[in-house]
Amino acid sequence: MTLRIAWFATAKGQSSRKLLNAALDAIGAGELDAEIVCVVCNREPGQSANTDAFLNDAKQAGIPLIAESSRNWRKSVGGEISDPVRGLAAWRRDFDQRLYQQIIEFSPDVAMLAGYMMVITDVICDHLPCLNLHPALPDGPIGTWQQVIHQLIAQQAESSGMVLQRVTTELDRGPTVTWAQYPIRGRGFDELWAEHGSDAKLETPLFHSIREAGASREPTFILQSLRAIASGQTPLDAETLSDGEIGVGSDLTAAVEAEVLRQRP
């Protein structure tokens with residue numbers, strides 16, 4: 001049965017467009033049995049050039065848009081900016097409720113969060129399976145991709161990875177659905193570690209190389225993950241996932257690395 005996806009992205013950077021278009025290309029080529037039934041964005045047209053380009057791609061593909069500015073919503077209700085220590089501000093659940101009422105009209109099976117910079121509340125994730133792309137191994141660092149890379153360098157890590165998690169109210173610690181690993185040592189890395197390995201707080205050439213190693217694999221990883229879910233090879237229901245521990249899930253490393261190798265010139 002065709003997997004119906006609600007695709008979430010803030011599209012702060014350029015990678016969101018690559019991820020969306022990679023999925024659309026795979027669907028169009030018959031490589032992914034899925035349909036993106038709507039695109040959800042917490043920015044409106046005019047807020048960001050990168051976001052506008054992303055929204056235009058969705059429009060050109062004929063995908064219905066749900067573009068609601070979380071910033072404008074917060075200001076309209078006089079809400080506070082959420083604090084990581086104190087938790088989410090009260091207006092966040094109201095904002096998600098407004099989104100959810102629009103999303104359910106498209107009857108999605110799953111929500112794919114690919115570059116969505118908002119924490120999903122229980123208003124959505126308790127009623128719709130939400131998958132979050134996190135740029136680290138299942139037991140790796142949490143936070144933004146920038147924070148993850150800074151932590152990897154500080155820890156002198158040998159490898160990194162990416163994970164697709166079932167979203168819960170615990171940030172970046174939901175049950176693992178799929179994951180993949182890649183090295184950040186060896187050819188192309190060792191000289192950078194020798195020169196910049198002590199600069200964990202700076203965005204050095206090592207920092208950017210680690211980011212590129214992950215970002216270049218993300219489209220393939222998402223497509224392999226969605227294929228596994230659509231085919232039923234990978235479980236998605238919360239009860240099954242919760243029976244395992246963090247780190248349990250489908251290891252897609254071999255499939256991702258084979259595709260990366262195939263795509264190299």
# chains A, B, ... in the order shown; residues from 1 in each chain; ligands from 1
>>> residues_around(residues="Glu80 (chain A)", least_positions_apart="3", cutoff="9 Å", atoms="only C-alpha atoms", output="compact mmCIF listing (two decimals) with N, CA and C atoms, in the first residue's frame")
# COMPACT_ATOMS: atom_id res chain seq x y z
N ARG A 74 3.65 33.17 17.68
CA ARG A 74 4.12 33.49 19.03
C ARG A 74 3.91 34.96 19.36
N LYS A 75 4.24 35.83 18.41
CA LYS A 75 4.09 37.26 18.64
C LYS A 75 2.63 37.65 18.77
N ASP A 83 12.29 27.77 26.44
CA ASP A 83 13.59 27.62 27.08
C ASP A 83 13.87 26.13 27.27
N ALA A 89 7.06 26.53 25.75
CA ALA A 89 6.08 27.53 26.15
C ALA A 89 4.67 27.03 25.84
N ALA A 90 3.69 27.57 26.57
CA ALA A 90 2.31 27.09 26.46
C ALA A 90 1.74 27.21 25.05
N TRP A 91 2.12 28.25 24.32
CA TRP A 91 1.55 28.48 23.00
C TRP A 91 1.93 27.40 21.99
>>> residues_around(residues="Thr51 (chain A)", least_positions_apart="3", cutoff="8 Å", atoms="only C-alpha atoms", output="NGL selection string")
:A and (10-13 or 43 or 45 or 47-48 or 54-55)
>>> write_last_selection(atoms="C-alpha atoms", output="short mmCIF file (atom, residue, chain, number, x, y, z; two decimals), in the first residue's frame")
data_model
loop_
_atom_site.label_atom_id
_atom_site.label_comp_id
_atom_site.auth_asym_id
_atom_site.auth_seq_id
_atom_site.Cartn_x
_atom_site.Cartn_y
_atom_site.Cartn_z
CA THR A 10 11.64 24.66 8.23
CA ALA A 11 14.10 24.75 5.31
CA LYS A 12 16.52 27.00 7.16
CA GLY A 13 19.37 25.72 5.01
CA ARG A 43 7.62 29.68 8.07
CA PRO A 45 6.67 32.98 2.23
CA GLN A 47 10.62 35.03 5.81
CA SER A 48 13.70 33.40 4.27
CA PHE A 54 11.83 25.08 -0.71
CA LEU A 55 8.18 26.15 -0.74
#
>>> atom_distance(atom1="CA of Arg211 (chain A)", atom2="CA of Thr253 (chain A)")
17.3 Å
>>> select_by_dssp(residues="region 75-264 of chain A", states="strand (DSSP E or B)", output="PyMOL selection string")
chain A and resi 83+87+110-113+130-134+159-166+176-183+250-251
